[in-house]
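A short worksheet on the structure shown next.
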Amino acid sequence: MTTFRGKATAAVRLIPTQIRHAGTLRFTPDPAPGHVYTAAGRRDWNFTTRLSAASNGVRFASDTSDHRFVISGLSLVMLLVGGAGFLTGQHDAQTVGLAFYVFVGIGGAPWVLAKRTRLPTRLAMTALTSLCVPTVVGLTMMALGDWRPAAVFVGLVVLSVPLHVYGCVTARQDRRMRGGIDAGPRDVAARARASRLSRLARKHGSVSLLLALAGGAMCLVAALTHRHVDPGLWGFLSVIGPLWYVGLALVLVSFAVSRADSDASVAVAVTILVLVLTATPALVYDGPRSQSAAKHVDFIQQIRTLHRLDTAVPVYNAWPGFFAAMAWVCDVAGIRDPMRLAICWPTLIGLFKLAGLRFLAGTVLTSRTAAWVAVALAVLADPIGADYFSPQSVGFVIGLISFAIALSHYHTPLKVIALTMAGCALAVSHQLSPYLVGGTLVILTLFRQVRPWWLPATVLGPAAIWALLNRGALAGFLDIGEVGNARNFRPPPTATANGLDRLPVVTLSAWALAAGILVLAVVAGLVVLRRWRSIEAWALAAAPAAGLAIIAVNPYGQEGIFRAALFGIPWLALLASQLFRRGDERRPNRPLLAVLSVLCVTFLTAAFGLDATNVIRPGDRLAFQYFAAHGVAGRTTYLLQIGPGDLPSTPPGADRSHVAVAVEELRPFGPGGPDEPAEQTCRRLTRGILAKSGDTPASASIYALWSPTSSYYGWEYGIDRPAHFAELRDAFRRSTNWTVVFQSGGSVLYRYRPGVT
């Protein structure tokens, strides 16, 4: 029979291996909550081993065995599901299974070998690898001119499946080892304390967990019973019903009743919160919540068909990393229409963002519960909407993970490898994100939080090299006269028509966005004032300045201020989370509930208030597809967007065979005022588009699109009245110069009839 002394001796023999892998072995209990780590005290983000004061147990690789077994086992199962779906013609099974393996299985395979890596780090590094590998694969195939997605996927499967099998086997072995080591408390007092803490955690953790699960279920039911919503003013918020709001309230209350020793329940609550806010729009709407997603889908289809990106806008051609990656993913998973991926993308990238935020918070903060609170604050203070199907969304997630890697005490060579991989993926995918990430790292280096001092070059170097190689594509985007201009910090302006005003929803959405960030900044400022002697606190407070400095140089189409705010919010959340005490068994955390509730109201108002114009309507997209499929060989075909606002248009190809023209471009022919007779507006716009095309009436190839999205936009921003815009639709229908060729969901497509006057 093995004695306890024998077991302890066997455990101690493992310590040299632990030291050899980790570099240091710290036996320290959990620090007090709400403190920023000092430079000397921040734990290694990967391989720290601690003795718990409650259990006096030695924690080894067996502590992560459950996580490793679930990730590897689920990856293998989903690969089998996807493969079976491919062989049997079950398209949905193929898509779900293979997409899961691409985004989780391939990314998680290398980290099976890091047995002691805890779950937040493991998930974040899986997300980083899953975003970088498709980018490298897709861009390489484009550069070589040899598009073989299936062959590359099979090669990655051959490399990754043995790793997952190894992960499952070793995880089971580690679980058996864990069961053989007696790690219980040795004295009665310690046993009593551990038992009391366990009872409290079970009691309050279960209440919090049940509230979060119940709230999430209610929101899911409400969303499933409100499918195919055509968004009007306030989007789905006005039609979703009270069940959804009650469910969201329960999720928020679960934060207040959770306790310090029930961080698992807080983690579940944050995850459900992210799923509710991102999956609800994906379920209730029939299109993505950004008109720009349509052009990104078209770019992906172009790469899948032509194996290159060839548009009339050079900047898209020069930064194709994201589009090449998604083209490869769609080919592998059998996603015929990438719009399906675009609709689900905010949920997928939201989970990756969740992993990145938790990794960053766990690297900076000492309390796991405080880290999850920081994640919740960062999620609710960010209604900017940068999570749509775009390179920007990937750039932000990679940036979060890069910050955590740089701040960790991981060995410098491995830091360099990981950050260089992230920097290369950023450099080829987006023009601004690598400089926001690199600039933030520079500020953290100045505050001596990132070492060695040259580490930001791993991100800025690839971006600078790629920009230099493609400097011709940046012509027109850089203007010395814009440096230091105060207008760089203003959002894009919109002018109202005489006699009309913006609707309250527009003003409230703008103020809600600013108010949420302001609330977070005030709470963060209070923490800085309380810890004004801490250089770590000042480093977090100064980190958002990188975005402002870059926007002072280039406004990025007047949208840079939103990017700067996006990259500043996580640092404010890390500071703000330290103001809230740990929960206890006597009373709920009312201050935290109050702040989360305020941020939730500002988030809902700013994020979904303008969905009437943000969401892509299927009728609009079908109209653009009809336009793209028709034209005259050897001649440019034009599409006039009759109303204001964004529609799911695409930049013209290099041959400029199909060109979409916004009504604002028809100077001096349009747009007119809301009091102008509809027939007169129709004749004026017809003359304007003919002049824009340069063709004679007898040879012109022209279409015109009337969209309910434009009607809502004109109404919201005080540009036109819905009644007048409807009269304009009827005027085009009655005109002898136009004939209806397509209509769906309220969208009407007209074709100009040559020779008719």
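Labeling convention for the structure tokens: chains A, B, ... as they appear, residues from 1 per chain, ligands from 1 in order of appearance.
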
Tell me which protein, DNA and RNA residues are within 10 Å of Leu76 (chain A), counting only C-alpha atoms, leaving out same-chain ones fewer than 5 positions away, and put them as a ChimeraX atom specification. /A:70-71,81-82,97,101,105,160-161,164-165,168

Would you save the residues from that selection as a PDB file, in the first residue's frame, using N, CA, C and O atoms?
```pdb
ATOM      1  N   VAL A  70     -11.204  17.725 -23.596  1.00  0.00           N
ATOM      2  CA  VAL A  70     -12.409  18.246 -24.249  1.00  0.00           C
ATOM      3  C   VAL A  70     -12.065  18.883 -25.589  1.00  0.00           C
ATOM      4  O   VAL A  70     -12.726  18.628 -26.610  1.00  0.00           O
ATOM      5  N   ILE A  71     -11.027  19.712 -25.621  1.00  0.00           N
ATOM      6  CA  ILE A  71     -10.679  20.402 -26.864  1.00  0.00           C
ATOM      7  C   ILE A  71     -10.236  19.410 -27.929  1.00  0.00           C
ATOM      8  O   ILE A  71     -10.706  19.447 -29.078  1.00  0.00           O
ATOM      9  N   VAL A  81     -17.475  14.277 -38.044  1.00  0.00           N
ATOM     10  CA  VAL A  81     -18.800  14.724 -38.480  1.00  0.00           C
ATOM     11  C   VAL A  81     -18.701  15.428 -39.831  1.00  0.00           C
ATOM     12  O   VAL A  81     -19.497  15.176 -40.749  1.00  0.00           O
ATOM     13  N   GLY A  82     -17.718  16.327 -39.958  1.00  0.00           N
ATOM     14  CA  GLY A  82     -17.544  17.035 -41.220  1.00  0.00           C
ATOM     15  C   GLY A  82     -17.177  16.102 -42.358  1.00  0.00           C
ATOM     16  O   GLY A  82     -17.690  16.243 -43.479  1.00  0.00           O
ATOM     17  N   GLY A  97     -19.024  20.782 -39.079  1.00  0.00           N
ATOM     18  CA  GLY A  97     -17.896  19.990 -38.598  1.00  0.00           C
ATOM     19  C   GLY A  97     -16.556  20.506 -39.070  1.00  0.00           C
ATOM     20  O   GLY A  97     -15.625  20.695 -38.271  1.00  0.00           O
ATOM     21  N   TYR A 101     -13.424  22.492 -37.087  1.00  0.00           N
ATOM     22  CA  TYR A 101     -12.051  21.993 -37.052  1.00  0.00           C
ATOM     23  C   TYR A 101     -11.060  23.042 -37.557  1.00  0.00           C
ATOM     24  O   TYR A 101      -9.944  23.141 -37.041  1.00  0.00           O
ATOM     25  N   GLY A 105      -9.836  23.150 -34.176  1.00  0.00           N
ATOM     26  CA  GLY A 105      -8.965  21.978 -34.220  1.00  0.00           C
ATOM     27  C   GLY A 105      -7.562  22.289 -34.688  1.00  0.00           C
ATOM     28  O   GLY A 105      -6.574  21.900 -34.048  1.00  0.00           O
ATOM     29  N   SER A 160      -2.196  17.637 -37.687  1.00  0.00           N
ATOM     30  CA  SER A 160      -2.862  17.996 -36.435  1.00  0.00           C
ATOM     31  C   SER A 160      -3.566  16.831 -35.757  1.00  0.00           C
ATOM     32  O   SER A 160      -3.641  16.792 -34.521  1.00  0.00           O
ATOM     33  N   VAL A 161      -4.084  15.871 -36.512  1.00  0.00           N
ATOM     34  CA  VAL A 161      -4.813  14.758 -35.894  1.00  0.00           C
ATOM     35  C   VAL A 161      -3.934  13.958 -34.932  1.00  0.00           C
ATOM     36  O   VAL A 161      -4.374  13.635 -33.813  1.00  0.00           O
ATOM     37  N   HIS A 164      -3.840  15.750 -31.660  1.00  0.00           N
ATOM     38  CA  HIS A 164      -5.066  15.653 -30.859  1.00  0.00           C
ATOM     39  C   HIS A 164      -5.217  14.260 -30.258  1.00  0.00           C
ATOM     40  O   HIS A 164      -5.695  14.124 -29.115  1.00  0.00           O
ATOM     41  N   VAL A 165      -4.847  13.233 -30.989  1.00  0.00           N
ATOM     42  CA  VAL A 165      -4.885  11.879 -30.421  1.00  0.00           C
ATOM     43  C   VAL A 165      -3.935  11.790 -29.232  1.00  0.00           C
ATOM     44  O   VAL A 165      -4.277  11.236 -28.170  1.00  0.00           O
ATOM     45  N   CYS A 168      -5.517  13.522 -26.250  1.00  0.00           N
ATOM     46  CA  CYS A 168      -6.541  12.731 -25.555  1.00  0.00           C
ATOM     47  C   CYS A 168      -5.904  11.651 -24.683  1.00  0.00           C
ATOM     48  O   CYS A 168      -6.319  11.431 -23.533  1.00  0.00           O
TER      49      CYS A 168
END
```

Closest to Arg336 (chain A) among A:Ser130, A:Thr95, A:Gly356, A:Gly385, using only C-alpha atoms?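 Closest candidate: A:Thr95.
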
When you look at Ala333 (chain A) with a cut-off of 12 Å (counting only C-alpha atoms), what residues show up, excluding the ones that are within fewer than 6 positions of it in the same chain? I need them as a VMD selection string. chain A and resid 78 to 79 81 to 83 85 to 86 90 to 103 149 to 150 153 326 to 327 340 to 341

Which residues are near region 305-318 of chain A? Cut-off 7 Å, only C-alpha atoms, ignore same chain within fewer than 3 positions. Put them as a ChimeraX atom specification. /A:142,145,147,299,301-302,470,473-474,651-654

With only C-alpha atoms as the atoms that count, which of A:Leu526, A:Leu685, A:Ala467, A:Val740 lies nearest to Trp319 (chain A)?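 Closest candidate: A:Ala467.
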
Do you know which residues are at most 9 Å from Arg729 (chain A) counting only C-alpha atoms, after dropping those on the same chain fewer than 6 positions away, and could you put them as a PDB file with N, CA, C and O atoms, in the first residue's frame?
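New file around.pdb:
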```
ATOM      1  N   ILE A 642     -30.612  55.417 -55.783  1.00  0.00           N
ATOM      2  CA  ILE A 642     -31.495  56.585 -55.791  1.00  0.00           C
ATOM      3  C   ILE A 642     -31.458  57.345 -54.477  1.00  0.00           C
ATOM      4  O   ILE A 642     -31.494  58.576 -54.455  1.00  0.00           O
ATOM      5  N   ALA A 678     -41.728  64.733 -57.013  1.00  0.00           N
ATOM      6  CA  ALA A 678     -41.048  63.474 -57.293  1.00  0.00           C
ATOM      7  C   ALA A 678     -40.725  63.317 -58.772  1.00  0.00           C
ATOM      8  O   ALA A 678     -39.650  62.826 -59.132  1.00  0.00           O
ATOM      9  N   CYS A 682     -37.044  62.729 -60.408  1.00  0.00           N
ATOM     10  CA  CYS A 682     -36.759  61.599 -61.294  1.00  0.00           C
ATOM     11  C   CYS A 682     -36.074  62.063 -62.569  1.00  0.00           C
ATOM     12  O   CYS A 682     -35.077  61.468 -63.003  1.00  0.00           O
ATOM     13  N   TRP A 706     -34.059  51.543 -55.937  1.00  0.00           N
ATOM     14  CA  TRP A 706     -34.778  52.165 -54.817  1.00  0.00           C
ATOM     15  C   TRP A 706     -34.812  51.158 -53.677  1.00  0.00           C
ATOM     16  O   TRP A 706     -35.240  50.008 -53.850  1.00  0.00           O
ATOM     17  N   SER A 707     -34.349  51.583 -52.485  1.00  0.00           N
ATOM     18  CA  SER A 707     -34.223  50.662 -51.357  1.00  0.00           C
ATOM     19  C   SER A 707     -34.913  51.214 -50.117  1.00  0.00           C
ATOM     20  O   SER A 707     -34.801  52.412 -49.817  1.00  0.00           O
ATOM     21  N   VAL A 748     -36.588  47.826 -55.279  1.00  0.00           N
ATOM     22  CA  VAL A 748     -37.034  47.864 -56.670  1.00  0.00           C
ATOM     23  C   VAL A 748     -35.858  48.257 -57.551  1.00  0.00           C
ATOM     24  O   VAL A 748     -35.208  49.277 -57.305  1.00  0.00           O
TER      25      VAL A 748
END
```

Report the distance between CA of Gly694 (chain A) and CA of Thr709 (chain A) in Å, rounded to one decimal place. 28.3 Å

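Candidate residues A:Arg533, A:Arg721, A:Arg358, A:His630 were compared for distance to Pro674 (chain A), and the nearest is A:Arg721, using only C-alpha atoms.
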
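A straight line drawn from CA of Gly362 (chain A) to CA of Pro281 (chain A) is 29.6 Å long.
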